[in-house]
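Asks: Structure file coords_15.cif, mmCIF, C-alpha atoms, is pasted below:
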data_structure
loop_
_atom_site.label_atom_id
_atom_site.label_comp_id
_atom_site.auth_asym_id
_atom_site.auth_seq_id
_atom_site.Cartn_x
_atom_site.Cartn_y
_atom_site.Cartn_z
CA MET L 29 112.51 -17.30 230.28
CA SER L 30 110.32 -18.60 227.45
CA SER L 31 111.78 -20.85 224.77
CA ALA L 32 111.15 -18.13 222.18
CA LEU L 33 113.13 -15.54 224.17
CA ALA L 34 115.89 -18.05 224.82
CA LEU L 35 116.11 -18.72 221.08
CA VAL L 36 116.40 -14.99 220.34
CA ASP L 37 119.13 -14.61 222.97
CA ASP L 38 121.02 -17.57 221.50
CA GLU L 39 120.79 -16.09 218.01
CA LEU L 40 122.02 -12.71 219.24
CA ALA L 41 124.91 -14.34 221.09
CA GLU L 42 125.90 -16.17 217.89
CA GLN L 43 125.68 -12.93 215.92
CA ALA L 44 127.83 -11.13 218.50
CA ALA L 45 130.42 -13.92 218.40
CA GLU L 46 130.57 -13.77 214.61
CA LEU L 47 131.00 -9.99 214.64
CA ASN L 48 133.80 -10.29 217.19
CA ARG L 49 135.57 -12.78 214.93
CA ARG L 50 134.98 -10.67 211.84
CA PHE L 51 136.05 -7.31 213.26
CA GLY L 52 138.74 -8.28 215.75
CA GLY L 53 141.73 -6.12 214.84
CA ALA L 54 139.74 -4.12 212.28
CA PRO L 55 139.36 -0.33 212.46
CA ALA L 56 136.52 0.89 214.66
CA GLU L 57 135.10 2.71 211.64
CA SER L 58 134.49 -0.62 209.88
CA LEU L 59 132.46 -2.06 212.73
CA LEU L 60 130.50 1.17 213.15
CA ARG L 61 129.71 1.49 209.45
CA THR L 62 128.49 -2.10 209.31
CA ALA L 63 126.31 -1.62 212.41
CA LEU L 64 124.85 1.72 211.30
CA THR L 65 124.29 1.13 207.61
CA GLU L 66 123.99 -2.63 207.10
CA LEU L 67 122.82 -4.39 210.24
CA PHE L 68 120.59 -1.88 212.02
CA PRO L 69 119.82 1.14 209.82
CA GLY L 70 117.28 3.27 211.69
CA ARG L 71 117.26 0.82 214.63
CA ILE L 72 120.49 1.67 216.46
CA THR L 73 121.48 4.48 218.80
CA LEU L 74 124.63 5.87 220.36
CA VAL L 75 124.54 6.40 224.13
CA SER L 76 126.94 9.13 225.21
CA SER L 77 127.74 10.81 228.51
CA PHE L 78 129.55 13.64 226.68
CA GLY L 79 132.35 12.96 229.14
CA ALA L 80 136.12 12.99 229.04
CA GLU L 81 136.60 10.86 225.90
CA ALA L 82 133.18 11.18 224.29
CA ALA L 83 134.19 13.37 221.37
CA ILE L 84 136.09 10.54 219.65
CA LEU L 85 133.16 8.13 219.33
CA LEU L 86 130.71 10.93 218.55
CA HIS L 87 133.00 12.10 215.75
CA LEU L 88 133.39 8.57 214.36
CA VAL L 89 129.63 8.10 214.24
CA ALA L 90 128.97 11.58 212.82
CA GLN L 91 131.30 10.86 209.90
CA ILE L 92 129.12 7.89 208.97
CA ASP L 93 125.66 9.25 209.78
CA ALA L 94 125.20 12.48 211.72
CA ALA L 95 121.48 11.72 212.01
CA THR L 96 122.14 8.72 214.23
CA PRO L 97 120.05 9.10 217.42
CA VAL L 98 122.25 10.05 220.37
CA LEU L 99 120.90 9.34 223.85
CA PHE L 100 122.13 11.54 226.69
CA ILE L 101 121.08 10.96 230.29
CA ASP L 102 120.63 14.21 232.18
CA THR L 103 120.59 13.05 235.80
CA ALA L 104 120.09 16.60 237.12
CA LYS L 105 123.36 16.09 238.99
CA LEU L 106 125.81 16.74 236.14
CA PHE L 107 128.52 19.38 235.98
CA ASP L 108 127.49 22.53 234.12
CA HIS L 109 130.69 22.01 232.12
CA THR L 110 129.25 18.74 230.75
CA LEU L 111 126.03 20.37 229.57
CA ALA L 112 127.94 23.16 227.83
CA TYR L 113 130.35 20.65 226.28
CA ARG L 114 127.41 18.57 225.03
CA ASP L 115 125.88 21.55 223.27
CA ALA L 116 129.21 22.58 221.73
CA LEU L 117 129.93 19.08 220.41
CA VAL L 118 126.44 18.62 218.97
CA GLN L 119 126.86 21.83 217.02
CA ARG L 120 130.46 21.14 216.01
CA LEU L 121 129.74 17.61 214.74
CA GLY L 122 126.36 18.36 213.17
CA LEU L 123 124.53 15.76 215.25
CA SER L 124 120.86 16.20 214.39
CA ASP L 125 119.03 13.78 216.68
CA LEU L 126 120.06 14.36 220.30
CA ARG L 127 117.57 12.80 222.72
CA ILE L 128 117.82 13.88 226.34
CA LEU L 129 116.66 11.32 228.89
CA ARG L 130 115.68 12.39 232.40
CA PRO L 131 114.63 10.62 235.60
CA ASP L 132 110.94 10.14 236.25
CA PRO L 133 109.85 13.10 238.44
CA ALA L 134 107.46 10.87 240.38
CA ARG L 135 110.29 8.46 241.19
CA LEU L 136 112.51 11.31 242.34
CA ALA L 137 109.74 12.74 244.52
CA ALA L 138 109.13 9.35 246.12
CA LEU L 139 112.72 8.20 246.56
CA ASP L 140 115.00 11.25 246.42
CA GLU L 141 112.94 14.31 247.26
CA ALA L 142 115.87 16.00 249.02
CA GLY L 143 118.31 15.13 246.23
CA THR L 144 120.74 13.42 248.63
CA LEU L 145 120.20 9.76 247.73
CA TRP L 146 123.65 9.75 246.11
CA PHE L 147 125.17 10.20 249.57
CA ARG L 148 123.06 7.55 251.31
CA ASP L 149 122.87 4.91 248.58
CA ALA L 150 124.84 5.59 245.41
CA ASN L 151 123.63 2.43 243.68
CA ALA L 152 119.98 3.34 244.23
CA CYS L 153 120.64 6.88 243.01
CA CYS L 154 122.22 5.57 239.81
CA ALA L 155 119.27 3.22 239.36
CA ILE L 156 116.62 5.93 239.29
CA ARG L 157 118.68 8.69 237.69
CA LYS L 158 120.56 6.65 235.04
CA VAL L 159 119.49 3.06 234.60
CA GLU L 160 115.73 3.58 234.45
CA PRO L 161 115.84 6.54 232.01
CA LEU L 162 118.17 4.60 229.71
CA GLN L 163 115.94 1.52 229.77
CA ARG L 164 113.06 3.70 228.57
CA GLY L 165 115.21 5.47 226.00
CA LEU L 166 116.51 2.23 224.49
CA SER L 167 113.06 0.72 224.01
CA PRO L 168 112.71 1.67 220.28
CA PHE L 169 116.13 0.29 219.35
CA ALA L 170 117.45 -3.16 218.44
CA ALA L 171 121.09 -2.25 219.15
CA TRP L 172 123.20 0.43 220.77
CA ILE L 173 126.70 1.82 220.76
CA ASN L 174 128.74 2.94 223.75
CA GLY L 175 132.27 4.16 224.40
CA ARG L 176 133.72 1.80 227.02
CA LYS L 177 137.39 0.79 226.75
CA ARG L 178 139.31 -2.05 228.35
CA PHE L 179 141.98 0.17 229.88
CA GLN L 180 139.52 2.22 231.93
CA ALA L 181 139.02 -0.20 234.82
CA GLY L 182 139.48 -3.81 235.87
CA THR L 183 135.76 -4.40 235.36
CA ARG L 184 136.27 -3.66 231.66
CA SER L 185 139.53 -5.48 230.99
CA ARG L 186 137.92 -8.30 228.94
CA LEU L 187 135.36 -6.18 227.13
CA PRO L 188 134.45 -7.60 223.68
CA LEU L 189 133.70 -5.49 220.64
CA VAL L 190 130.12 -6.76 220.51
CA GLU L 191 127.86 -8.22 223.21
CA ALA L 192 124.36 -9.65 223.31
CA VAL L 193 122.66 -8.05 226.31
CA ASP L 194 118.98 -7.91 227.27
CA GLY L 195 117.71 -8.77 223.82
CA ARG L 196 119.91 -6.28 221.96
CA LEU L 197 123.36 -6.16 220.42
CA LYS L 198 125.64 -3.77 222.25
CA PHE L 199 128.60 -2.37 220.33
CA ASN L 200 131.84 -1.37 222.06
CA PRO L 201 133.86 -0.20 219.02
CA LEU L 202 136.61 1.46 221.09
CA ALA L 203 137.11 -1.51 223.42
CA ASP L 204 140.72 -2.09 222.38
CA TRP L 205 141.73 1.57 222.05
CA SER L 206 144.39 2.88 224.43
CA ALA L 207 144.58 6.32 225.99
CA ALA L 208 147.27 7.13 223.41
CA ASP L 209 144.97 6.06 220.56
CA LEU L 210 142.25 8.38 221.84
CA ALA L 211 144.66 11.30 222.21
CA ALA L 212 146.04 10.77 218.72
CA TYR L 213 142.57 10.68 217.16
CA ALA L 214 141.46 13.81 219.03
CA ALA L 215 144.59 15.64 217.89
CA ARG L 216 144.20 14.48 214.29
CA PHE L 217 140.70 15.94 214.04
CA ASP L 218 141.24 18.83 216.46
CA LEU L 219 138.44 17.67 218.73
CA PRO L 220 137.82 19.79 221.81
CA ALA L 221 138.44 18.23 225.20
CA HIS L 222 135.92 18.26 228.01
CA PRO L 223 136.91 21.33 230.08
CA LEU L 224 137.34 19.27 233.27
CA VAL L 225 140.02 17.04 231.73
CA ALA L 226 142.56 19.81 232.24
CA GLU L 227 141.70 19.73 235.94
CA GLY L 228 142.57 16.03 236.28
CA TYR L 229 139.18 14.44 235.66
CA ALA L 230 139.77 11.32 233.56
CA SER L 231 136.18 10.03 233.78
CA ILE L 232 133.30 12.42 234.30
CA GLY L 233 129.88 11.59 235.67
CA CYS L 234 127.64 13.30 238.20
CA ALA L 235 129.25 16.16 240.14
CA PRO L 236 128.72 14.78 243.68
CA CYS L 237 130.32 11.44 242.80
CA THR L 238 133.23 12.47 240.56
CA GLN L 239 136.72 13.58 241.57
CA PRO L 240 140.02 14.06 239.75
CA VAL L 241 142.25 11.02 239.24
CA LEU L 242 145.62 10.74 240.90
CA ALA L 243 148.82 9.70 239.09
CA GLY L 244 148.92 5.96 238.44
CA GLU L 245 145.22 5.38 239.12
CA ASP L 246 142.70 3.79 236.74
CA ALA L 247 140.80 6.24 234.59
CA ARG L 248 137.65 5.61 236.63
CA ALA L 249 139.26 5.79 240.08
CA GLY L 250 137.74 9.21 240.67
CA ARG L 251 134.20 7.89 240.34
CA TRP L 252 132.51 7.12 243.69
CA ARG L 253 135.87 7.46 245.45
CA GLY L 254 136.02 5.65 248.76
CA GLN L 255 133.19 3.27 247.85
CA ASP L 256 133.26 -0.29 246.55
CA LYS L 257 131.78 0.92 243.27
CA VAL L 258 133.26 1.64 239.83
CA GLU L 259 130.17 1.20 237.62
CA CYS L 260 126.86 3.05 237.60
CA GLY L 261 124.70 0.04 236.73
CA ILE L 262 124.08 0.81 233.08
CA HIS L 263 126.61 -1.82 232.04
CA THR L 264 126.90 -3.97 235.16
CA ALA L 265 124.15 -4.96 237.58
CA LEU L 266 124.93 -3.68 241.07
CA PRO L 267 123.99 -4.75 244.59
CA GLY L 268 121.30 -2.52 246.02
CA SER L 269 119.98 -1.47 242.60
CA ARG L 270 116.75 -3.43 243.05
CA ILE L 271 115.10 -0.09 243.66
CA SER L 272 114.84 0.17 239.87
CA GLU L 273 112.41 -2.75 239.91
CA GLU L 274 110.04 -1.37 242.57
#
Let me see the file written as structure tokens.
Replies:
Amino acid sequence: MSSALALVDDELAEQAAELNRRFGGAPAESLLRTALTELFPGRITLVSSFGAEAAILLHLVAQIDAATPVLFIDTAKLFDHTLAYRDALVQRLGLSDLRILRPDPARLAALDEAGTLWFRDANACCAIRKVEPLQRGLSPFAAWINGRKRFQAGTRSRLPLVEAVDGRLKFNPLADWSAADLAAYAARFDLPAHPLVAEGYASIGCAPCTQPVLAGEDARAGRWRGQDKVECGIHTALPGSRISEE
């Protein structure tokens, strides 16, 4: 890493630390408003899966600026329910800048022509269908917002409100929200639930790799069930994901 890049990373880390000190215990709306209107106006995006809990963060952002770019990764393996839910929420919340990211067709033809890579190598499948499209989609932005929470899985238990990652600030405004907090907010604003939530899906990704959650399990236990995998690679580098660098 060059000294110039190292300096930028150090400055971003300091900025993230200061924001964590400033907004620890503050309402998520305060952090979001500062990020959207003061720190990165026109240079920040919200990345959303339009999954089980997505409506809460989308609503929070829409109340501040409904023109905020929203990145959605269509892996071509999603539930039809998710695509319909996405369209309904975009209309309901008045989101005016939805950007749909898709895998590179050439990469799919070369590495997953039969569409079964998810079964043979889930990490590699996530790399070409999720990680690579998001990397391209994030390129115009200096910062991004996502909806991870600490209660969702052990890998997220120490999640800060703000991180410095890969030359950008990454905002996790709902990091300290509980499942009860999410339910209360959704009820307060009458936000529609993803249709699969009623069927026991607590975290919703691609159809082949998502199952309902059993009583007492982590919210993400139904993702890649039976595998030593709880993250797709967007937020945590995974073994076997080097395919994204080929």
Asks: Taking into account all atoms listed in the file, which residue in the set L:Ala82, L:Leu126, L:Ala211, L:Val190 is nearest to Ile232 in chain L?
Replies: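 Among the listed residues, L:Ala82 lies closest to Ile232 in chain L.
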Asks: Residues picked by the PyMOL selection byres ((chain L and resi 233-249) around 7) here, as a ChimeraX atom specification?
Replies: /L:105-107,180-181,228-232,250-253,258
Asks: For Lys158 in chain L, which of L:Leu86, L:Ala54, L:Ala203, L:Leu136 is the closest residue, counting all atoms listed in the file?
Replies: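 Of the candidates, the smallest distance to Lys158 in chain L is held by L:Leu136.
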Asks: Using the file's own x, y and z axes, what box holds all listed atoms of range 160-164 of chain L with 8 Å on each side, keeping edges along x, y and z, and what are its centre and edge lengths in Å to one decimal, as lines of an AutoDock Vina configuration file?
Replies:
center_x = 115.6
center_y = 4.0
center_z = 231.5
size_x = 21.1
size_y = 21.0
size_z = 21.9
Asks: Name the residues captured by the PyMOL selection byres ((chain L and resi 143) around 12) when it is applied to the shown file; answer as a PyMOL selection string.
Replies: chain L and resi 103-105+133+135-142+144-150+153+156-157+236
Asks: Excluding same-chain residues fewer than 2 positions from Gly53 in chain L, what lies within 12 Å of it counting all atoms listed in the file, as number ranges by chain?
Replies: L: 47-51, 55-59, 188-189, 201-205
Asks: Looking at only C-alpha atoms, which of L:Gln163, L:Thr65, L:Ser124, L:Ser77 is the one that sits closest to Ala90 in chain L?
Replies: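 That would be L:Ser124, the residue with the smallest distance to Ala90 in chain L.
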Asks: So what do you get for CA of Lys198 in chain L versus CA of Ala80 in chain L, distance-wise?
Replies: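 Separation of CA of Lys198 in chain L and CA of Ala80 in chain L: 20.9 Å.
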Asks: Identify which of the residues L:Val89, L:Leu166, L:Leu117, L:Leu40 lies closest to Ile101 in chain L, counting only C-alpha atoms when measuring atom-to-atom distances.
Replies: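 So, comparing all the options, the nearest one is L:Leu166.
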Asks: Could you check which residues have any atom within 10 Å of (136.5, 10.4, 211.5), counting only C-alpha atoms with coordinates taken straight from the file, and then list them as number ranges by chain?
Replies: L: 57, 84-92, 213-214, 216-217
Asks: Evaluate the PyMOL selection byres ((chain L and resi 123) around 9) on the structure here and hand back the selected residues as a PyMOL selection string.
Replies: chain L and resi 86+90+93-98+117-122+124-126
Asks: Return the single residue from L:Glu42, L:Asp108, L:Gly70, L:Tyr113 that is closest to Ala221 in chain L, with distances computed using all atoms listed in the file.
Replies: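 Counting all atoms listed in the file, the residue closest to Ala221 in chain L is L:Tyr113.
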Asks: Calculated over only C-alpha atoms, which of the candidates L:Gln43, L:Ser76, L:Thr62, L:Thr110 has the smallest distance to Asn174 in chain L?
Replies: L:Ser76
Asks: Between CA of Phe78 in chain L and CA of Arg114 in chain L, what is the distance, to one decimal in Å?
Replies: 5.6 Å
Asks: Leaving out Ile72 in chain L and any residue of its chain fewer than 5 positions from it, which residues lie within 6 Å of it when counting only C-alpha atoms, given as a short mmCIF file (atom, residue, chain, number, x, y, z; two decimals) with C-alpha atoms, in the coordinates of the input?
Replies:
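Wrote selection.cif, looks like this:
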data_model
loop_
_atom_site.label_atom_id
_atom_site.label_comp_id
_atom_site.auth_asym_id
_atom_site.auth_seq_id
_atom_site.Cartn_x
_atom_site.Cartn_y
_atom_site.Cartn_z
CA PHE L 169 116.13 0.29 219.35
CA ALA L 171 121.09 -2.25 219.15
CA TRP L 172 123.20 0.43 220.77
#
Asks: Could range 126-141 of chain L be completed with N, CA and C atoms and written as a tab-separated table (two decimals), in the coordinates of the input, please?
Replies:
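out-v2.tsv, written as the output of this step:
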chain	number	residue	atom	x	y	z
L	126	LEU	N	119.72	14.52	218.89
L	126	LEU	CA	120.06	14.36	220.30
L	126	LEU	C	118.77	14.15	221.09
L	127	ARG	N	118.74	13.09	221.90
L	127	ARG	CA	117.57	12.80	222.72
L	127	ARG	C	118.00	12.81	224.18
L	128	ILE	N	117.44	13.72	224.95
L	128	ILE	CA	117.82	13.88	226.34
L	128	ILE	C	116.86	13.09	227.22
L	129	LEU	N	117.43	12.17	228.00
L	129	LEU	CA	116.66	11.32	228.89
L	129	LEU	C	116.78	11.85	230.31
L	130	ARG	N	115.68	11.87	231.02
L	130	ARG	CA	115.68	12.39	232.40
L	130	ARG	C	114.99	11.41	233.34
L	131	PRO	N	115.31	11.48	234.62
L	131	PRO	CA	114.63	10.62	235.60
L	131	PRO	C	113.15	10.94	235.67
L	132	ASP	N	112.37	9.96	236.06
L	132	ASP	CA	110.94	10.14	236.25
L	132	ASP	C	110.71	11.04	237.47
L	133	PRO	N	110.06	12.19	237.30
L	133	PRO	CA	109.85	13.10	238.44
L	133	PRO	C	109.12	12.44	239.61
L	134	ALA	N	108.19	11.55	239.31
L	134	ALA	CA	107.46	10.87	240.38
L	134	ALA	C	108.40	9.98	241.19
L	135	ARG	N	109.32	9.32	240.50
L	135	ARG	CA	110.29	8.46	241.19
L	135	ARG	C	111.22	9.29	242.06
L	136	LEU	N	111.65	10.44	241.54
L	136	LEU	CA	112.51	11.31	242.34
L	136	LEU	C	111.77	11.83	243.56
L	137	ALA	N	110.51	12.23	243.39
L	137	ALA	CA	109.74	12.74	244.52
L	137	ALA	C	109.55	11.68	245.59
L	138	ALA	N	109.38	10.43	245.16
L	138	ALA	CA	109.13	9.35	246.12
L	138	ALA	C	110.40	8.86	246.79
L	139	LEU	N	111.52	8.87	246.06
L	139	LEU	CA	112.72	8.20	246.56
L	139	LEU	C	113.90	9.12	246.82
L	140	ASP	N	113.87	10.34	246.25
L	140	ASP	CA	115.00	11.25	246.42
L	140	ASP	C	114.52	12.69	246.43
L	141	GLU	N	113.53	12.96	247.24
L	141	GLU	CA	112.94	14.31	247.26
L	141	GLU	C	113.96	15.37	247.64
